[in-house]
Amino acid sequence: MMFNEFSASVEKTPCSRSGSDEPFRYVFDDSEFWRQIPAWRDLDADRFGDYNWQQRNAVTTVPKLVDALGDAVPPSLVQDIEKGLLRTRMNMRLTPYVFSRIDWANYPEDPIRKQFIPLGSQFQPDHPETLDDSLAEENNKVTPYLVHRYPDKALFLPITLCPVYCSFCTRSRVVGGSTAVKSKSTYGAKSLDWEETFEYVRNHPELEDIVISGGDALLLRPKQIRQIGLSLLGIPTVRRIRFATKGLAIMPMKFTSDTEWMDALSEVAQFGAERMKEVALHTHCNTDRELSAWTLRAMQAVSETGIRVRNQSVLISGVNDGFSCLHSTMRKLSRLLIEPYYLYLHDLVPACEHLRTTVRKAEELSLRLQGSMAGFNTPRVVCDAPGGGGKRDISSYLAYDEEIGISAWTSPTAKPGKVFYYYDPIHLLPENGQALWKKESQIRDRLNIFKKEAESNV
Ligand code: SF4
């Protein structure tokens with residue numbers, strides 16, 4: 001089989017056609033698309049739809065990728081991935097579901113491949129202002145597992161493992177195990193250690209919202225889902241909890257084939273409903289290519305539990321940074337009863353310059369999305385201000401110098417008086433701006449002038 005033969009088996013959507021002006025359609029691929037992968041050509045839907053099989057057959061190494069794709073893999077692709085793995089901070093891990101959503105005939109530009117499989121040829125040098133912990137979570141840790149930054153909300157990180165690893169992960173400092181360029185203290189779920197965290201929440205009645213993230217809740221055991229859900233909802237002052245999982249985008253069969261896990265989630269939702277408390281899932285789908293008839297079936301199962309589902313996407317260059325792709329993705333999510341909630345400007349994390357885009361691009365997309373669908377289905381496009389400023393509306397910057405790619409943001413409620421700075425990728429700046437970043441003293445002077453002016457306006 002040659003790579004160009006794969007193409008016919010993969011459903012094309014606006015997110016797989018650059019610059020597409022295709023009219024929007026509600027299509028959820030119900031074909032046996034995984035059979036395009038030579039290793040899974042004879043696999044039936046029952047096996048493919050088993051979450052255990054999906055987990056056991058994750059593609060985690062170059063030899064496994066070659067085994068799956070067979071003779072069709074060009075040696076140049078193998079070399080490019082090997083080079084990419086020497087630069088990335090995230091290990092390679094794809095479920096067969098998401099691996100077979102890649103259009104291998106067009107792998108250099110494929111929006112799914114770009115999210116999970118690094119190619120050395122596509123990297124750009126890091127921006128000098130990238131940050132290991134761009135959202136300053138470590139500074140706000142109050143227990144080994146709890147980040148408390150906002151007055152009424154806290155972030156519980158019980159696990160730093162996921163069923164897939166995204167090249168652009170904002171917690172690349174800790175999630176997904178060490179790589180050639182980053183050593184990490186990744187941890188699995190240790191339920192015996194969580195009591196200190198529950199005790200902290202009990203002792204802080206101002207905490208109403210608890211986000212359970214990581215890592216991915218999909219890898220928590222059913223008894224851990226119960227332990228976390230029932231412990232937190234049992235605290236009178238906690239009003240809402242949300243489990244963060246990418247599962248609906250990368251392993252939707254978990255929701256239809258792991259009945260024990262779904263029962264645990266359902267029990268937590270019921271416990272919450274009886275106390276008039278919200279239990280939500282926050283998922284992370286970036287393109288409509290991640291959605292298929294498997295997602296539709298998964299959402300039918302989730303809907304029966306009464307759990308609310310919201311989506312948080314990341315705006316990624318060459319993946320979903322076009323109106324048609326975003327519009328189609330958000331419409332399809334809405335059809336599945338998944339509320340498009342946030343679209344994040346890519347965080348300033350290392351080894352991701354090729355995946356980031358500019359504030360201006362995000363702002364233009366935000367303006368086009370507004371009015372293209374119902375307001376409650378239109379995602380809020382935000383910049384999570386580096387250094388802990390929190391989510392700021394994309395057009396709410398205090399100042400923006402597009403030539404050198406710096407924008408200033410304030411956070412009057414969370415951090416009054418403080419100014420936060422976001423930096424556009426240098427390779428996307430106008431020529432003059434790119435040249436300035438090559439001259440250290442000139443760029444320093446220009447940045448200082450910008451910051452002085454911005455701070456004088458606070
Ligand atoms: S699923 Fe979330 S936490 Fe896991 S690697 Fe992807 S972005 Fe990071």
# chains A, B, ... in the order shown; residues from 1 in each chain; ligands from 1

$ residues_around --residues "Ser121 of chain A" --least-positions-apart "5" --cutoff "9 Å" --atoms "only C-alpha atoms" --output "list in words"
Asp80, Ile81, Lys83 and Gly84 of chain A

$ write_last_selection --atoms "N, CA and C atoms" --output "PDB file, in the first residue's frame"
ATOM      1  N   ASP A  80      12.341  12.028  10.135  1.00  0.00           N
ATOM      2  CA  ASP A  80      11.795  13.316  10.584  1.00  0.00           C
ATOM      3  C   ASP A  80      11.157  13.172  11.981  1.00  0.00           C
ATOM      4  N   ILE A  81      10.444  12.073  12.212  1.00  0.00           N
ATOM      5  CA  ILE A  81       9.841  11.865  13.536  1.00  0.00           C
ATOM      6  C   ILE A  81      10.941  11.660  14.579  1.00  0.00           C
ATOM      7  N   LYS A  83      13.883  12.863  14.594  1.00  0.00           N
ATOM      8  CA  LYS A  83      14.456  14.190  14.899  1.00  0.00           C
ATOM      9  C   LYS A  83      13.499  14.992  15.776  1.00  0.00           C
ATOM     10  N   GLY A  84      12.219  14.884  15.474  1.00  0.00           N
ATOM     11  CA  GLY A  84      11.209  15.598  16.270  1.00  0.00           C
ATOM     12  C   GLY A  84      11.214  15.129  17.716  1.00  0.00           C
TER      13      GLY A  84
END

$ residues_around --residues "Val78 of chain A" --least-positions-apart "5" --cutoff "9 Å" --atoms "only C-alpha atoms" --output "ChimeraX atom specification"
/A:62,65-66,73,83

$ select_by_dssp --residues "segment 158-312 of chain A" --states "helix (DSSP H, G or I)" --output "NGL selection string"
:A and (191-193 or 195-202 or 217-219 or 222-233 or 247-250 or 254-257 or 259-274 or 288-290 or 293-305)

$ residues_around --residues "Asp29 of chain A" --least-positions-apart "3" --cutoff "12 Å" --atoms "only C-alpha atoms" --output "PyMOL selection string"
chain A and resi 9-13+25-26+32-34+101+288-297+332

$ atom_distance --atom1 "atom CA of His148 of chain A" --atom2 "atom CA of Gln270 of chain A"
26.9 Å

$ residues_near_ligand --ligand "ligand 1" --cutoff "6 Å" --atoms "only C-alpha atoms and all ligand atoms" --output "list of chain:residue names"
A:Cys162, A:Tyr165, A:Cys166, A:Cys169, A:Arg171, A:Gly214, A:Gly215, A:Asp216, A:Lys246

$ closest_residue --among "A:Met253, A:Ala301, A:Leu333, A:Leu86" --to "Asp46 of chain A" --atoms "only C-alpha atoms"
A:Met253

$ residues_around --residues "Ile102 of chain A" --least-positions-apart "2" --cutoff "8 Å" --atoms "only C-alpha atoms" --output "list in words"
Val10, Val98, Phe99, Ser100, Trp104, Tyr107, Asp110, Pro111, Ile112 and Arg113 of chain A

$ closest_residue --among "A:Arg446, A:Ile159, A:Ile394, A:Asn139" --to "Ile406 of chain A" --atoms "only C-alpha atoms"
A:Arg446

$ residues_around --residues "segment 408-411 of chain A" --least-positions-apart "2" --cutoff "10 Å" --atoms "only C-alpha atoms" --output "compact mmCIF listing (two decimals) with N, CA and C atoms, in the first residue's frame"
# COMPACT_ATOMS: atom_id res chain seq x y z
N CYS A 383 -6.75 34.83 25.92
CA CYS A 383 -5.32 34.66 26.16
C CYS A 383 -5.19 34.36 27.65
N ASP A 384 -4.58 33.24 27.99
CA ASP A 384 -4.33 32.94 29.40
C ASP A 384 -3.02 33.66 29.73
N ALA A 385 -3.16 34.83 30.34
CA ALA A 385 -2.01 35.75 30.44
C ALA A 385 -0.83 35.09 31.15
N PRO A 386 0.32 35.01 30.48
CA PRO A 386 1.48 34.31 31.04
C PRO A 386 1.88 34.89 32.39
N GLY A 388 0.32 33.97 35.22
CA GLY A 388 -0.77 33.82 36.19
C GLY A 388 -1.82 34.91 36.13
N GLY A 389 -1.96 35.59 35.00
CA GLY A 389 -2.97 36.65 34.89
C GLY A 389 -4.38 36.12 34.66
N GLY A 390 -4.49 34.85 34.30
CA GLY A 390 -5.81 34.26 34.06
C GLY A 390 -6.30 34.56 32.66
N LYS A 391 -7.53 34.08 32.38
CA LYS A 391 -8.05 34.17 31.02
C LYS A 391 -8.57 35.58 30.74
N ARG A 392 -8.06 36.18 29.68
CA ARG A 392 -8.46 37.54 29.30
C ARG A 392 -9.04 37.49 27.89
N ASP A 393 -10.16 38.18 27.67
CA ASP A 393 -10.74 38.23 26.33
C ASP A 393 -9.70 38.71 25.33
N ILE A 394 -9.70 38.12 24.15
CA ILE A 394 -8.60 38.34 23.20
C ILE A 394 -8.50 39.80 22.74
N SER A 395 -9.60 40.54 22.80
CA SER A 395 -9.52 41.95 22.39
C SER A 395 -9.34 42.89 23.57
N SER A 396 -9.06 42.33 24.75
CA SER A 396 -9.02 43.19 25.94
C SER A 396 -7.60 43.60 26.32
N TYR A 397 -6.64 43.44 25.41
CA TYR A 397 -5.27 43.84 25.76
C TYR A 397 -5.20 45.34 25.99
N LEU A 398 -4.27 45.70 26.86
CA LEU A 398 -4.06 47.11 27.21
C LEU A 398 -3.29 47.81 26.08
N ALA A 399 -2.35 47.09 25.48
CA ALA A 399 -1.56 47.64 24.37
C ALA A 399 -1.00 46.46 23.57
N TYR A 400 -0.70 46.73 22.28
CA TYR A 400 -0.21 45.65 21.42
C TYR A 400 0.71 46.27 20.38
N ASP A 401 1.97 45.85 20.36
CA ASP A 401 2.90 46.28 19.33
C ASP A 401 3.09 45.09 18.39
N ILE A 406 4.47 42.05 20.93
CA ILE A 406 4.26 42.00 22.38
C ILE A 406 2.90 42.62 22.69
N THR A 413 -9.20 42.01 38.74
CA THR A 413 -9.79 41.35 39.91
C THR A 413 -8.79 40.42 40.58
N ALA A 414 -8.14 39.55 39.76
CA ALA A 414 -7.23 38.56 40.35
C ALA A 414 -5.90 39.19 40.79
N LYS A 415 -5.34 40.07 39.96
CA LYS A 415 -4.01 40.64 40.26
C LYS A 415 -4.03 42.15 39.97
N PRO A 416 -4.71 42.93 40.82
CA PRO A 416 -4.81 44.36 40.54
C PRO A 416 -3.43 45.02 40.45
N GLY A 417 -3.28 45.90 39.45
CA GLY A 417 -2.05 46.69 39.32
C GLY A 417 -0.93 45.98 38.56
N LYS A 418 -1.08 44.69 38.30
CA LYS A 418 0.02 43.95 37.64
C LYS A 418 -0.23 43.88 36.12
N VAL A 419 0.84 43.97 35.36
CA VAL A 419 0.73 43.86 33.90
C VAL A 419 1.42 42.56 33.46
N PHE A 420 0.76 41.84 32.57
CA PHE A 420 1.28 40.57 32.05
C PHE A 420 1.57 40.74 30.56
N TYR A 421 2.58 40.02 30.08
CA TYR A 421 2.97 40.19 28.67
C TYR A 421 2.91 38.86 27.92
N TYR A 422 2.33 38.93 26.72
CA TYR A 422 2.33 37.77 25.82
C TYR A 422 3.16 38.14 24.60
N TYR A 423 3.87 37.16 24.04
CA TYR A 423 4.74 37.42 22.89
C TYR A 423 4.31 36.57 21.71
N PHE A 450 7.89 49.92 25.44
CA PHE A 450 6.51 49.40 25.39
C PHE A 450 6.00 49.13 26.81
N LYS A 451 6.83 48.48 27.61
CA LYS A 451 6.39 48.10 28.97
C LYS A 451 6.16 49.34 29.84
N ALA A 454 2.91 50.88 28.81
CA ALA A 454 1.78 50.06 29.24
C ALA A 454 1.56 50.21 30.74
N GLU A 455 2.64 50.16 31.51
CA GLU A 455 2.50 50.20 32.97
C GLU A 455 2.08 51.58 33.46
N VAL A 458 -1.79 51.83 33.85
CA VAL A 458 -2.56 50.94 34.78
C VAL A 458 -2.99 51.72 36.01

$ select_by_dssp --residues "segment 366-448 of chain A" --states "strand (DSSP E)" --output "list in words"
Arg380, Val381, Val382, Cys383, Asp384, Ala385, Gly390, Lys391, Arg392, Asp393, Ala399, Tyr400, Asp401, Ile406, Ser407, Ala408, Trp409, Thr410, Ser411, Lys415, Pro416, Gly417, Lys418, Val419, Phe420, Tyr421, Tyr422 and Tyr423 of chain A

$ write_last_selection --atoms "C-alpha atoms" --output "PDB file, in the first residue's frame"
ATOM      1  CA  ARG A 380     -14.797  32.854  24.128  1.00  0.00           C
ATOM      2  CA  VAL A 381     -11.417  33.422  22.534  1.00  0.00           C
ATOM      3  CA  VAL A 382      -8.949  34.137  25.336  1.00  0.00           C
ATOM      4  CA  CYS A 383      -5.317  34.664  26.164  1.00  0.00           C
ATOM      5  CA  ASP A 384      -4.328  32.943  29.403  1.00  0.00           C
ATOM      6  CA  ALA A 385      -2.012  35.752  30.436  1.00  0.00           C
ATOM      7  CA  GLY A 390      -5.814  34.263  34.063  1.00  0.00           C
ATOM      8  CA  LYS A 391      -8.054  34.173  31.016  1.00  0.00           C
ATOM      9  CA  ARG A 392      -8.461  37.536  29.300  1.00  0.00           C
ATOM     10  CA  ASP A 393     -10.744  38.229  26.326  1.00  0.00           C
ATOM     11  CA  ALA A 399      -1.562  47.636  24.373  1.00  0.00           C
ATOM     12  CA  TYR A 400      -0.207  45.648  21.421  1.00  0.00           C
ATOM     13  CA  ASP A 401       2.899  46.283  19.325  1.00  0.00           C
ATOM     14  CA  ILE A 406       4.262  42.004  22.384  1.00  0.00           C
ATOM     15  CA  SER A 407       0.886  42.557  24.030  1.00  0.00           C
ATOM     16  CA  ALA A 408       0.126  43.789  27.568  1.00  0.00           C
ATOM     17  CA  TRP A 409      -2.739  42.445  29.687  1.00  0.00           C
ATOM     18  CA  THR A 410      -4.191  43.317  33.061  1.00  0.00           C
ATOM     19  CA  SER A 411      -6.183  41.242  35.492  1.00  0.00           C
ATOM     20  CA  LYS A 415      -4.010  40.644  40.263  1.00  0.00           C
ATOM     21  CA  PRO A 416      -4.806  44.364  40.539  1.00  0.00           C
ATOM     22  CA  GLY A 417      -2.047  46.687  39.318  1.00  0.00           C
ATOM     23  CA  LYS A 418       0.016  43.955  37.641  1.00  0.00           C
ATOM     24  CA  VAL A 419       0.725  43.860  33.896  1.00  0.00           C
ATOM     25  CA  PHE A 420       1.282  40.573  32.055  1.00  0.00           C
ATOM     26  CA  TYR A 421       2.972  40.186  28.668  1.00  0.00           C
ATOM     27  CA  TYR A 422       2.328  37.772  25.818  1.00  0.00           C
ATOM     28  CA  TYR A 423       4.738  37.419  22.889  1.00  0.00           C
TER      29      TYR A 423
END

$ residues_around --residues "Val279 of chain A" --least-positions-apart "5" --cutoff "6 Å" --atoms "only C-alpha atoms" --output "ChimeraX atom specification"
/A:241-242,269,307

$ residues_around --residues "Ser328 of chain A" --least-positions-apart "3" --cutoff "7 Å" --atoms "only C-alpha atoms" --output "list in words"
Pro14, Phe24, Asp288, Ser324, Cys325, Arg331 and Lys332 of chain A

$ write_last_selection --atoms "N, CA, C and O atoms" --output "mmCIF file, in the first residue's frame"
data_model
loop_
_atom_site.group_PDB
_atom_site.id
_atom_site.type_symbol
_atom_site.label_atom_id
_atom_site.label_comp_id
_atom_site.auth_asym_id
_atom_site.auth_seq_id
_atom_site.Cartn_x
_atom_site.Cartn_y
_atom_site.Cartn_z
ATOM 1 N N PRO A 14 -13.768 20.406 6.739
ATOM 2 C CA PRO A 14 -13.108 21.711 6.623
ATOM 3 C C PRO A 14 -11.745 21.756 7.314
ATOM 4 O O PRO A 14 -10.845 22.431 6.854
ATOM 5 N N PHE A 24 -20.971 24.380 5.518
ATOM 6 C CA PHE A 24 -20.974 23.549 6.714
ATOM 7 C C PHE A 24 -21.930 22.365 6.567
ATOM 8 O O PHE A 24 -23.025 22.499 6.037
ATOM 9 N N ASP A 288 -12.781 19.305 13.787
ATOM 10 C CA ASP A 288 -13.921 18.401 13.551
ATOM 11 C C ASP A 288 -13.461 17.014 13.108
ATOM 12 O O ASP A 288 -14.229 16.068 13.117
ATOM 13 N N SER A 324 -13.340 28.393 8.628
ATOM 14 C CA SER A 324 -14.189 27.242 8.264
ATOM 15 C C SER A 324 -13.983 26.089 9.227
ATOM 16 O O SER A 324 -14.937 25.433 9.640
ATOM 17 N N CYS A 325 -12.733 25.849 9.572
ATOM 18 C CA CYS A 325 -12.425 24.740 10.473
ATOM 19 C C CYS A 325 -13.048 24.987 11.851
ATOM 20 O O CYS A 325 -13.723 24.119 12.417
ATOM 21 N N ARG A 331 -19.827 24.081 15.489
ATOM 22 C CA ARG A 331 -21.201 23.677 15.166
ATOM 23 C C ARG A 331 -21.425 22.197 15.477
ATOM 24 O O ARG A 331 -22.452 21.800 16.021
ATOM 25 N N LYS A 332 -20.441 21.390 15.100
ATOM 26 C CA LYS A 332 -20.598 19.945 15.344
ATOM 27 C C LYS A 332 -20.570 19.637 16.843
ATOM 28 O O LYS A 332 -21.308 18.771 17.316
#

$ closest_atom_pairs --of "segment 206-307 of chain A" --to "segment 175-197 of chain A" --cutoff "12 Å" --atoms "only C-alpha atoms" --output "tab-separated table"
residue	atom	partner	partner_atom	distance
A:Ile210	CA	A:Thr197	CA	11.1
A:Ile212	CA	A:Thr197	CA	11.7
A:Ser213	CA	A:Val175	CA	11.1
A:Gly214	CA	A:Val175	CA	7.4
A:Gly215	CA	A:Val175	CA	6.3
A:Asp216	CA	A:Val175	CA	9.7
A:Ala217	CA	A:Ala189	CA	9.7
A:Leu218	CA	A:Ala189	CA	11.4
A:Leu219	CA	A:Ala189	CA	8.5
A:Leu220	CA	A:Ala189	CA	6.8
A:Arg221	CA	A:Ala189	CA	8.6
A:Pro222	CA	A:Ser191	CA	11.8
A:Lys223	CA	A:Ser191	CA	9.4
A:Gln224	CA	A:Ser191	CA	6.8
A:Ile225	CA	A:Ser191	CA	10.1
A:Arg226	CA	A:Ser191	CA	11.0
A:Gln227	CA	A:Ser191	CA	8.1
A:Ile228	CA	A:Trp194	CA	8.6
A:Ser231	CA	A:Glu195	CA	9.2
A:Leu232	CA	A:Thr197	CA	9.8

$ atom_distance --atom1 "atom CA of Asp424 of chain A" --atom2 "atom CA of Lys114 of chain A"
19.6 Å

$ atom_distance --atom1 "atom CA of Gly433 of chain A" --atom2 "atom CA of Glu402 of chain A"
8.2 Å

$ closest_residue --among "A:Ala154, A:Val174, A:Cys352, A:Cys285" --to "Val238 of chain A" --atoms "only C-alpha atoms"
A:Ala154
